[in-house]
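> This is model18.csv (CSV, C-alpha atoms).
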```csv
chain,number,residue,atom,x,y,z
D,871,SER,CA,-23.4,33.6,-0.7
D,872,ASN,CA,-24.6,30.1,-1.5
D,873,THR,CA,-22.7,30.2,-4.8
D,874,LYS,CA,-19.5,31.2,-3.1
D,875,ILE,CA,-19.9,28.3,-0.6
D,876,ALA,CA,-20.5,25.8,-3.4
D,877,ARG,CA,-17.5,27.1,-5.3
D,878,ARG,CA,-15.3,26.5,-2.3
D,879,HIS,CA,-16.4,22.9,-2.4
D,880,LEU,CA,-15.6,22.8,-6.1
D,881,ALA,CA,-12.1,24.2,-5.5
D,882,PHE,CA,-10.9,20.8,-4.3
D,883,TYR,CA,-11.6,19.2,-7.6
D,884,ILE,CA,-10.3,22.1,-9.6
D,885,PHE,CA,-7.0,21.9,-7.7
D,886,ALA,CA,-6.9,18.1,-8.2
D,887,LEU,CA,-7.3,18.5,-11.9
D,888,THR,CA,-4.5,21.0,-12.2
D,889,LYS,CA,-2.3,18.9,-9.8
D,890,LYS,CA,-1.7,21.7,-7.4
D,891,GLN,CA,-0.4,20.8,-4.0
D,892,PHE,CA,-2.5,21.0,-0.8
D,893,GLN,CA,-1.3,22.1,2.6
D,894,MET,CA,-0.1,19.0,4.5
D,895,ALA,CA,-2.7,17.8,7.1
D,896,THR,CA,-1.8,15.8,10.2
D,897,LEU,CA,-3.9,13.4,12.2
D,898,SER,CA,-2.5,13.0,15.7
D,899,ILE,CA,-3.9,10.3,18.0
D,900,LYS,CA,-2.6,9.9,21.6
D,901,ASN,CA,-3.5,7.3,24.2
D,902,LEU,CA,-6.9,6.6,22.7
D,903,THR,CA,-8.8,4.1,24.8
D,904,LYS,CA,-12.3,2.5,24.5
D,905,THR,CA,-13.9,-0.3,26.5
D,906,TYR,CA,-17.3,-1.5,25.7
D,907,PRO,CA,-20.0,-2.4,28.3
D,908,ASN,CA,-19.4,-6.1,27.8
D,909,GLY,CA,-15.8,-5.6,29.0
D,910,VAL,CA,-14.1,-5.8,25.6
D,911,LYS,CA,-11.2,-3.3,25.4
D,912,ALA,CA,-11.4,-2.4,21.8
D,913,LEU,CA,-8.8,0.4,21.9
D,914,ASN,CA,-5.8,0.2,24.3
D,915,ASN,CA,-3.8,3.4,24.5
D,916,VAL,CA,-3.6,3.8,20.7
D,917,SER,CA,-1.1,6.5,19.7
D,918,ILE,CA,-0.1,7.3,16.1
D,919,GLU,CA,0.5,10.3,13.8
D,920,ILE,CA,-0.5,10.3,10.1
D,921,GLU,CA,0.1,12.8,7.3
D,922,ASN,CA,-1.2,13.2,3.7
D,923,GLY,CA,-1.4,10.1,1.5
D,924,MET,CA,-2.7,6.6,1.8
D,925,PHE,CA,-2.2,5.0,5.2
D,926,GLY,CA,-3.1,1.4,5.8
D,927,LEU,CA,-4.5,0.0,9.1
D,928,LEU,CA,-4.1,-3.7,8.9
D,929,GLY,CA,-5.3,-6.3,11.4
D,930,PRO,CA,-7.5,-9.4,11.8
D,931,ASN,CA,-11.2,-9.2,12.5
D,932,GLY,CA,-11.8,-8.0,16.0
D,933,ALA,CA,-8.4,-6.2,16.2
D,934,GLY,CA,-10.1,-2.8,17.0
D,935,LYS,CA,-9.8,-1.3,13.5
D,936,SER,CA,-13.5,-0.5,13.1
D,937,SER,CA,-13.6,0.8,16.7
D,938,LEU,CA,-10.8,3.3,15.8
D,939,MET,CA,-12.6,4.3,12.6
D,940,ARG,CA,-15.9,4.9,14.4
D,941,THR,CA,-14.1,7.0,17.0
D,942,LEU,CA,-12.2,9.1,14.5
D,943,SER,CA,-15.4,9.6,12.5
D,944,SER,CA,-17.3,10.8,15.6
D,945,LEU,CA,-19.7,7.9,15.5
D,946,GLN,CA,-18.7,6.9,19.1
D,947,GLU,CA,-17.0,8.4,22.0
D,948,ALA,CA,-13.6,7.3,23.5
D,949,ASP,CA,-13.1,6.7,27.2
D,950,SER,CA,-9.9,8.7,27.3
D,951,GLY,CA,-7.1,10.0,25.1
D,952,SER,CA,-7.1,12.6,22.4
D,953,ALA,CA,-7.3,12.9,18.6
D,954,PHE,CA,-6.6,16.0,16.5
D,955,LEU,CA,-6.9,16.7,12.8
D,956,ASP,CA,-4.7,19.7,12.6
D,957,ASP,CA,-6.3,22.1,15.1
D,958,ILE,CA,-9.7,20.3,15.2
D,959,ASP,CA,-10.3,18.4,18.5
D,960,ILE,CA,-12.0,15.3,17.0
D,961,LEU,CA,-13.4,14.1,20.3
D,962,ASN,CA,-14.8,17.4,21.5
D,963,GLU,CA,-15.6,19.2,18.2
D,964,PRO,CA,-17.4,16.6,16.1
D,965,THR,CA,-19.3,19.2,14.2
D,966,GLN,CA,-16.1,20.9,13.0
D,967,LEU,CA,-14.6,17.5,12.1
D,968,ARG,CA,-17.6,16.5,10.0
D,969,LYS,CA,-17.1,19.6,7.8
D,970,VAL,CA,-13.8,18.2,6.6
D,971,LEU,CA,-14.4,14.4,6.9
D,972,GLY,CA,-15.2,11.9,4.2
D,973,TYR,CA,-16.4,8.5,5.4
D,974,LEU,CA,-17.0,5.3,3.6
D,975,PRO,CA,-18.2,2.6,6.0
D,976,GLN,CA,-17.7,-1.1,5.5
D,977,GLU,CA,-21.3,-1.3,4.2
D,978,PHE,CA,-22.4,1.7,2.3
D,979,GLY,CA,-26.2,1.7,2.4
D,980,VAL,CA,-28.3,3.2,-0.4
D,981,TYR,CA,-31.9,4.2,-0.9
D,982,SER,CA,-33.8,1.5,-2.7
D,983,LYS,CA,-35.1,3.5,-5.8
D,984,ILE,CA,-32.9,6.6,-5.9
D,985,THR,CA,-30.5,7.2,-8.8
D,986,ALA,CA,-26.8,7.8,-8.4
D,987,GLU,CA,-27.3,11.5,-9.4
D,988,GLN,CA,-30.1,11.9,-6.9
D,989,LEU,CA,-28.2,10.3,-4.1
D,990,LEU,CA,-25.1,12.5,-4.6
D,991,ASP,CA,-27.3,15.6,-4.9
D,992,HIS,CA,-29.0,14.7,-1.6
D,993,MET,CA,-25.6,14.2,0.1
D,994,CYS,CA,-24.5,17.6,-1.2
D,995,VAL,CA,-27.5,19.2,0.4
D,996,LEU,CA,-26.6,17.4,3.7
D,997,LYS,CA,-23.1,18.9,3.4
D,998,GLY,CA,-24.6,22.4,3.1
D,999,ILE,CA,-24.4,23.0,-0.7
D,1000,SER,CA,-27.8,24.6,-1.2
D,1001,ASN,CA,-27.3,26.2,-4.7
D,1002,ARG,CA,-28.9,23.8,-7.2
D,1003,LYS,CA,-26.7,24.8,-10.1
D,1004,GLU,CA,-23.5,24.4,-8.2
D,1005,ARG,CA,-24.7,21.0,-6.8
D,1006,LYS,CA,-25.4,19.8,-10.4
D,1007,GLU,CA,-21.9,20.8,-11.5
D,1008,LEU,CA,-20.2,19.1,-8.5
D,1009,VAL,CA,-22.3,15.9,-8.8
D,1010,GLY,CA,-21.5,15.7,-12.5
D,1011,TYR,CA,-17.8,16.1,-11.8
D,1012,LEU,CA,-17.9,13.4,-9.1
D,1013,LEU,CA,-19.7,11.0,-11.3
D,1014,GLN,CA,-17.1,11.5,-14.0
D,1015,LYS,CA,-14.4,11.1,-11.4
D,1016,VAL,CA,-15.7,7.7,-10.4
D,1017,ASN,CA,-16.5,6.7,-13.9
D,1018,LEU,CA,-20.3,6.5,-13.3
D,1019,TYR,CA,-21.5,9.5,-15.3
D,1020,GLU,CA,-23.1,7.3,-18.0
D,1021,LYS,CA,-25.0,5.4,-15.2
D,1022,ARG,CA,-26.2,8.6,-13.4
D,1023,ASN,CA,-29.9,8.0,-14.1
D,1024,LYS,CA,-29.8,4.3,-13.1
D,1025,SER,CA,-31.1,3.1,-9.7
D,1026,VAL,CA,-28.2,2.6,-7.3
D,1027,LYS,CA,-30.0,-0.5,-5.9
D,1028,GLY,CA,-29.1,-2.3,-9.2
D,1029,PHE,CA,-25.4,-1.4,-9.1
D,1030,SER,CA,-22.7,-4.0,-8.6
D,1031,GLY,CA,-20.7,-4.0,-5.4
D,1032,GLY,CA,-17.9,-2.2,-7.0
D,1033,MET,CA,-20.2,0.5,-8.5
D,1034,LYS,CA,-21.8,1.0,-5.1
D,1035,GLN,CA,-18.3,1.5,-3.6
D,1036,ARG,CA,-17.5,4.1,-6.3
D,1037,VAL,CA,-20.7,5.9,-5.4
D,1038,GLY,CA,-19.5,5.7,-1.8
D,1039,ILE,CA,-16.2,7.2,-2.5
D,1040,ALA,CA,-17.8,10.0,-4.5
D,1041,GLN,CA,-20.0,11.0,-1.6
D,1042,ALA,CA,-17.0,10.8,0.7
D,1043,LEU,CA,-15.3,13.5,-1.5
D,1044,ILE,CA,-18.1,16.0,-1.0
D,1045,GLY,CA,-17.0,19.0,1.0
D,1046,SER,CA,-13.2,19.3,0.3
D,1047,PRO,CA,-12.3,16.7,3.0
D,1048,LYS,CA,-8.9,16.8,4.8
D,1049,LEU,CA,-9.5,13.2,6.1
D,1050,ILE,CA,-11.2,10.3,4.3
D,1051,ILE,CA,-11.8,7.1,6.2
D,1052,VAL,CA,-12.6,3.9,4.3
D,1053,ASP,CA,-13.4,0.8,6.3
D,1054,GLU,CA,-12.8,-2.6,4.6
D,1055,PRO,CA,-13.6,-1.1,1.1
D,1056,THR,CA,-12.7,-4.1,-1.1
D,1057,ALA,CA,-14.5,-6.8,0.8
D,1058,GLY,CA,-16.7,-8.7,-1.7
D,1059,LEU,CA,-15.4,-7.0,-4.8
D,1060,ASP,CA,-14.3,-9.0,-7.8
D,1061,PRO,CA,-10.7,-8.6,-9.1
D,1062,GLY,CA,-11.6,-6.1,-11.8
D,1063,GLU,CA,-13.7,-3.9,-9.4
D,1064,ARG,CA,-11.0,-4.1,-6.8
D,1065,ASN,CA,-8.4,-2.9,-9.2
D,1066,ARG,CA,-10.6,0.0,-10.4
D,1067,PHE,CA,-11.3,1.0,-6.8
D,1068,HIS,CA,-7.6,0.9,-5.9
D,1069,ASN,CA,-6.8,3.2,-8.8
D,1070,LEU,CA,-9.4,5.7,-7.6
D,1071,LEU,CA,-8.2,5.6,-4.0
D,1072,ALA,CA,-4.6,6.1,-5.1
D,1073,ASP,CA,-5.6,9.1,-7.2
D,1074,VAL,CA,-7.5,10.7,-4.4
D,1075,GLY,CA,-4.9,9.9,-1.9
D,1076,LYS,CA,-2.4,12.4,-3.4
D,1077,GLN,CA,-4.4,15.3,-2.0
D,1078,VAL,CA,-5.7,14.3,1.5
D,1079,ILE,CA,-5.2,11.8,4.3
D,1080,ILE,CA,-6.9,8.5,3.5
D,1081,LEU,CA,-7.1,6.1,6.3
D,1082,LEU,CA,-7.7,2.6,4.9
D,1083,SER,CA,-8.8,0.0,7.4
D,1084,THR,CA,-8.6,-3.6,6.1
D,1085,HIS,CA,-7.7,-7.2,6.9
D,1086,ILE,CA,-6.6,-7.8,3.3
D,1087,VAL,CA,-2.8,-7.6,3.1
D,1088,ASP,CA,-2.8,-7.0,-0.7
D,1089,ASP,CA,-4.7,-3.7,-0.2
D,1090,VAL,CA,-2.0,-2.3,2.0
D,1091,ARG,CA,0.9,-3.6,-0.1
D,1092,GLU,CA,-0.5,-2.2,-3.3
D,1093,LEU,CA,-1.7,1.2,-2.0
D,1094,CYS,CA,0.1,2.4,1.1
D,1095,SER,CA,3.5,3.9,1.6
D,1096,LYS,CA,3.0,3.6,5.4
D,1097,PHE,CA,0.9,1.4,7.5
D,1098,ALA,CA,0.2,0.1,11.0
D,1099,VAL,CA,-0.8,-3.3,12.3
D,1100,MET,CA,-3.4,-3.5,15.0
D,1101,ASN,CA,-4.0,-6.5,17.3
D,1102,GLN,CA,-6.2,-6.8,20.4
D,1103,GLY,CA,-6.8,-3.1,20.5
D,1104,GLU,CA,-3.2,-2.0,20.2
D,1105,ILE,CA,-0.8,-0.7,17.5
D,1106,VAL,CA,1.8,-3.5,17.3
D,1107,TYR,CA,3.7,-2.1,14.3
D,1108,HIS,CA,4.0,1.3,12.6
D,1109,GLY,CA,6.2,2.0,9.6
D,1110,THR,CA,6.6,1.3,5.9
D,1111,PRO,CA,5.9,-2.1,4.3
D,1112,GLN,CA,9.5,-2.2,3.0
D,1113,ASP,CA,10.9,-1.8,6.5
D,1114,ALA,CA,8.6,-4.3,8.0
D,1115,ILE,CA,9.5,-6.9,5.4
D,1116,SER,CA,13.3,-6.1,5.8
D,1117,GLU,CA,13.0,-6.9,9.6
D,1118,LEU,CA,12.0,-10.4,8.7
D,1119,LYS,CA,14.7,-11.0,6.2
D,1120,GLY,CA,16.5,-14.3,7.0
D,1121,LYS,CA,13.9,-15.4,9.5
D,1122,VAL,CA,11.1,-16.9,7.3
D,1123,TRP,CA,11.4,-20.6,6.4
D,1124,GLN,CA,9.1,-22.6,4.1
D,1125,LYS,CA,8.3,-26.3,4.0
D,1126,HIS,CA,5.9,-28.5,2.0
D,1127,ILE,CA,4.3,-31.1,4.3
D,1128,GLU,CA,1.5,-33.6,4.4
D,1129,ARG,CA,-1.8,-32.7,5.9
D,1130,GLU,CA,-1.4,-35.2,8.8
D,1131,GLU,CA,1.9,-33.5,9.7
D,1132,LEU,CA,0.4,-30.0,10.2
D,1133,ASP,CA,-0.5,-30.3,13.9
D,1134,ALA,CA,3.0,-31.7,14.8
D,1135,HIS,CA,4.7,-28.9,13.0
D,1136,GLN,CA,2.6,-26.3,14.7
D,1137,ASN,CA,3.5,-27.8,18.0
D,1138,SER,CA,7.2,-28.0,17.2
D,1139,PHE,CA,7.9,-24.7,15.3
D,1140,LYS,CA,6.7,-21.1,15.3
D,1141,VAL,CA,4.5,-21.6,12.3
D,1142,ILE,CA,3.5,-18.2,10.9
D,1143,SER,CA,1.0,-19.5,8.3
D,1144,ASP,CA,-0.2,-22.5,6.4
D,1145,LYS,CA,-1.9,-22.6,3.0
D,1146,MET,CA,-2.8,-25.2,0.4
D,1147,ILE,CA,-0.8,-25.5,-2.8
D,1148,ALA,CA,-1.8,-28.3,-5.2
D,1149,GLY,CA,-3.8,-29.9,-2.4
D,1150,LYS,CA,-0.9,-30.0,0.2
D,1151,PRO,CA,-0.1,-27.6,3.0
D,1152,VAL,CA,2.9,-25.2,2.7
D,1153,ILE,CA,3.9,-23.7,6.0
D,1154,HIS,CA,6.0,-20.6,6.8
D,1155,ALA,CA,7.8,-20.7,10.1
D,1156,PHE,CA,9.7,-17.9,12.0
D,1157,ALA,CA,13.2,-18.8,13.2
D,1158,GLU,CA,16.6,-17.1,13.6
D,1159,SER,CA,18.2,-20.1,11.9
D,1160,ASN,CA,17.0,-23.2,9.9
D,1161,PRO,CA,14.6,-25.0,12.2
D,1162,ASP,CA,14.7,-28.3,10.4
D,1163,ASN,CA,16.4,-29.9,7.4
D,1164,GLY,CA,13.1,-29.8,5.5
D,1165,PHE,CA,12.8,-26.1,5.6
D,1166,LYS,CA,14.2,-23.6,3.1
D,1167,LEU,CA,14.8,-19.9,3.5
D,1168,VAL,CA,12.4,-17.7,1.5
D,1169,GLU,CA,12.0,-14.0,1.0
D,1170,PRO,CA,9.5,-12.6,3.5
D,1171,SER,CA,6.3,-10.9,2.5
D,1172,LEU,CA,3.9,-8.4,4.1
D,1173,GLU,CA,1.6,-11.4,4.7
D,1174,ASP,CA,4.4,-12.9,6.9
D,1175,VAL,CA,4.6,-9.6,8.8
D,1176,PHE,CA,0.9,-9.7,9.4
D,1177,PHE,CA,1.0,-13.2,10.9
D,1178,VAL,CA,4.1,-12.5,13.0
D,1179,LYS,CA,2.5,-9.5,14.5
D,1180,THR,CA,-1.0,-10.8,15.0
D,1181,LYS,CA,-1.1,-14.6,15.1
D,1182,LEU,CA,1.9,-15.6,17.1
D,1183,ASN,CA,2.4,-12.3,19.1
D,1184,LEU,CA,6.1,-12.9,18.8
D,1185,VAL,CA,8.3,-10.7,20.9
D,1186,THR,CA,11.8,-10.2,19.6
D,1187,GLU,CA,14.3,-7.4,19.7
D,1188,THR,CA,14.0,-6.7,16.0
D,1189,LEU,CA,10.2,-6.9,15.7
```
Here is a file; write its structure as structure tokens.

Amino acid sequence: SNTKIARRHLAFYIFALTKKQFQMATLSIKNLTKTYPNGVKALNNVSIEIENGMFGLLGPNGAGKSSLMRTLSSLQEADSGSAFLDDIDILNEPTQLRKVLGYLPQEFGVYSKITAEQLLDHMCVLKGISNRKERKELVGYLLQKVNLYEKRNKSVKGFSGGMKQRVGIAQALIGSPKLIIVDEPTAGLDPGERNRFHNLLADVGKQVIILLSTHIVDDVRELCSKFAVMNQGEIVYHGTPQDAISELKGKVWQKHIEREELDAHQNSFKVISDKMIAGKPVIHAFAESNPDNGFKLVEPSLEDVFFVKTKLNLVTETL
């Protein structure tokens, strides 16, 4: 019956409240390839396996992150390779996937005059929850979950960026998903909204696979126990943030320089990054030993890992 179907959807949230454990899900991607008509190879034999929890996909703009997200969410086809969510063939069974998929794109569009409650109710209908009473209960719970219940009758159009993102994650939770994909979720959020959104994702991530695509290093460091770095359509690192940082230990050197010295240092050293502190550049360089008397050894960070893997394309035996 419709009531039984709706109650199955509610079961996810009941289990979450009672902190019961869900069966471990596995996302298995093998040799996934996608080349666009303009010749850009967005995905180049991508292979990775992901289980329950928050998993970060880090990379610069144009690295192929969104192409991978769109492929995994059945919004575009791959040229070759395979992707399975447990026994669901993502590439060949998109309808089955969508039954257990939650998706929050980079820009979550909303209807101009609809309220938060109306929007989530509409999404429940699209997910197959036809019983009105059960939809109301589920929508009410979701709005409580994302701390928007008091704003349920307000037009979503007038919401802040962070509030819209919270509505977005609420709609992604409809349907007891096994996999939730969020693409650049904190872009444009102020620090307070970003922290609230992080807390919500961390809470939800205890129950399902959350694939977090971002170019913001702090998002991965603060949320994810495992992550991968993408660059030029390829997975160039896969592991834990701690392991990635450990591999750079003793190899990151810092130096304060003048602005006019920047080009010369970039030509002479393997400069990982440069940033301004008190109006002057501070550079980080990669080297097995002290590259110059002006450098001092510093503890590496995940940001250093990001730049080593994507900016310099360094090839070493340890990285």
> At a cut-off of 8 Å, using all atoms listed in the file, what residues contact stretch 1144-1154 of chain D? Leave out same-chain residues fewer than 6 positions from it and give the result as a ChimeraX atom specification.
/D:1122-1129,1132,1174
> Rounded to one decimal in Å, what is the spacing between atom CA of D:Ile958 and atom CA of D:Ala1040?
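Atom CA of D:Ala1040 lies 23.7 Å from atom CA of D:Ile958.
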> Give me, please, the distance in Å between atom CA of D:Lys1166 and atom CA of D:Glu1130, quoted to one decimal.
20.3 Å
> Taking all atoms listed in the file into account, which of D:Leu1049, D:Leu897, D:Ile1080, D:Ala1098 comes nearest D:Leu955?
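Looking only at the distances to D:Leu955, the closest residue turns out to be D:Leu897.
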> Quick one: everything within 9 Å of D:Asn1069, counting all atoms listed in the file, minus sequence neighbours fewer than 5 positions away in the same chain. Send it as a list in words.
Arg1064, Val1074 and Leu1093 of chain D
> Could you check the closest approach to D:Asp957 for each of D:Ser937, D:Ser898, D:Ser1143, D:Thr903 and tell me which residue wins, using all atoms listed in the file?
D:Ser898
> If you count all atoms listed in the file, which residues fall within 10 Å of D:Val1037, apart from same-chain ones fewer than 2 positions away, as a count of residues only?
23
> If we count all atoms listed in the file and set the cut-off at 9 Å, which residues sit around D:Glu1169, ignoring sequence neighbours fewer than 4 positions away in its own chain? Please answer as a list in words.
Ile1115, Leu1118, Lys1119, Gly1120, Lys1121, Val1122 and Trp1123 of chain D
> Would you mind listing what lies within 9 Å of D:Met1100 as number ranges by chain, with all atoms listed in the file counted and same-chain residues fewer than 2 positions away left out?
D: 927-930, 933-935, 1098, 1102-1107, 1179-1180
> For the atom pair atom CA of D:Gln1136 and atom CA of D:Ser1116, what is the interatomic distance in Å to one decimal place?
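These two atoms are separated by 24.5 Å.
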> Please tabulate, as JSON lines, the residues of stretch 946-986 of chain D that come within 10 Å of stretch 1081-1085 of chain D, each with its closest pair of atoms and the distance in Å to one decimal, counting all atoms listed in the file and ordering rows by chain, then residue number upward.

```
{"residue": "D:Tyr973", "atom": "CA", "partner": "D:Leu1081", "partner_atom": "CA", "distance": 9.6}
{"residue": "D:Leu974", "atom": "CA", "partner": "D:Leu1082", "partner_atom": "CA", "distance": 9.8}
{"residue": "D:Pro975", "atom": "CA", "partner": "D:Ser1083", "partner_atom": "CA", "distance": 9.9}
{"residue": "D:Gln976", "atom": "CA", "partner": "D:Ser1083", "partner_atom": "CA", "distance": 9.2}
```
> Closest to D:Lys1140 among D:Asp956, D:Asp1073, D:Asp1060, D:Asp1162, using only C-alpha atoms?
D:Asp1162
> Fix up stretch 932-941 of chain D with all heavy atoms, then write it as a CSV table (one decimal), keeping the file's coordinate frame.

```csv
chain,number,residue,atom,x,y,z
D,932,GLY,N,-11.8,-8.1,14.6
D,932,GLY,CA,-11.8,-8.0,16.0
D,932,GLY,C,-10.5,-7.3,16.6
D,932,GLY,O,-10.4,-7.2,17.8
D,933,ALA,N,-9.7,-6.8,15.7
D,933,ALA,CA,-8.4,-6.2,16.2
D,933,ALA,C,-8.6,-4.8,16.8
D,933,ALA,O,-7.8,-4.3,17.5
D,933,ALA,CB,-7.4,-6.1,15.1
D,934,GLY,N,-9.8,-4.2,16.5
D,934,GLY,CA,-10.1,-2.8,17.0
D,934,GLY,C,-10.1,-1.8,15.8
D,934,GLY,O,-10.2,-0.6,16.1
D,935,LYS,N,-9.9,-2.2,14.6
D,935,LYS,CA,-9.8,-1.3,13.5
D,935,LYS,C,-11.1,-0.5,13.3
D,935,LYS,O,-11.1,0.7,13.3
D,935,LYS,CB,-9.5,-2.0,12.2
D,935,LYS,CG,-8.3,-2.9,12.2
D,935,LYS,CD,-8.0,-3.4,10.8
D,935,LYS,CE,-9.1,-4.2,10.2
D,935,LYS,NZ,-9.5,-5.4,11.0
D,936,SER,N,-12.2,-1.2,13.3
D,936,SER,CA,-13.5,-0.5,13.1
D,936,SER,C,-13.8,0.4,14.3
D,936,SER,O,-14.4,1.5,14.2
D,936,SER,CB,-14.6,-1.5,12.9
D,936,SER,OG,-14.5,-2.1,11.6
D,937,SER,N,-13.4,0.0,15.5
D,937,SER,CA,-13.6,0.8,16.7
D,937,SER,C,-12.9,2.1,16.6
D,937,SER,O,-13.3,3.2,16.9
D,937,SER,CB,-13.2,0.1,18.0
D,937,SER,OG,-14.0,-1.0,18.2
D,938,LEU,N,-11.6,2.1,16.1
D,938,LEU,CA,-10.8,3.3,15.8
D,938,LEU,C,-11.5,4.1,14.8
D,938,LEU,O,-11.6,5.4,14.9
D,938,LEU,CB,-9.4,2.9,15.4
D,938,LEU,CG,-8.4,4.0,15.2
D,938,LEU,CD1,-8.3,4.9,16.4
D,938,LEU,CD2,-7.1,3.5,14.8
D,939,MET,N,-11.9,3.5,13.7
D,939,MET,CA,-12.6,4.3,12.6
D,939,MET,C,-13.8,5.0,13.1
D,939,MET,O,-14.0,6.2,12.8
D,939,MET,CB,-12.9,3.3,11.4
D,939,MET,CG,-11.8,2.6,10.8
D,939,MET,SD,-10.5,3.6,10.1
D,939,MET,CE,-9.3,3.6,11.4
D,940,ARG,N,-14.6,4.3,13.9
D,940,ARG,CA,-15.9,4.9,14.4
D,940,ARG,C,-15.6,6.0,15.3
D,940,ARG,O,-16.3,7.0,15.3
D,940,ARG,CB,-16.7,3.8,15.0
D,940,ARG,CG,-17.3,2.8,14.1
D,940,ARG,CD,-18.2,1.8,14.8
D,940,ARG,NE,-19.2,2.4,15.6
D,940,ARG,CZ,-20.4,2.7,15.2
D,940,ARG,NH1,-20.7,2.6,13.9
D,940,ARG,NH2,-21.3,3.3,16.0
D,941,THR,N,-14.5,5.9,16.1
D,941,THR,CA,-14.1,7.0,17.0
D,941,THR,C,-13.6,8.2,16.3
D,941,THR,O,-14.0,9.3,16.6
D,941,THR,CB,-13.1,6.5,18.0
D,941,THR,OG1,-13.6,5.3,18.7
D,941,THR,CG2,-12.7,7.5,19.0
```
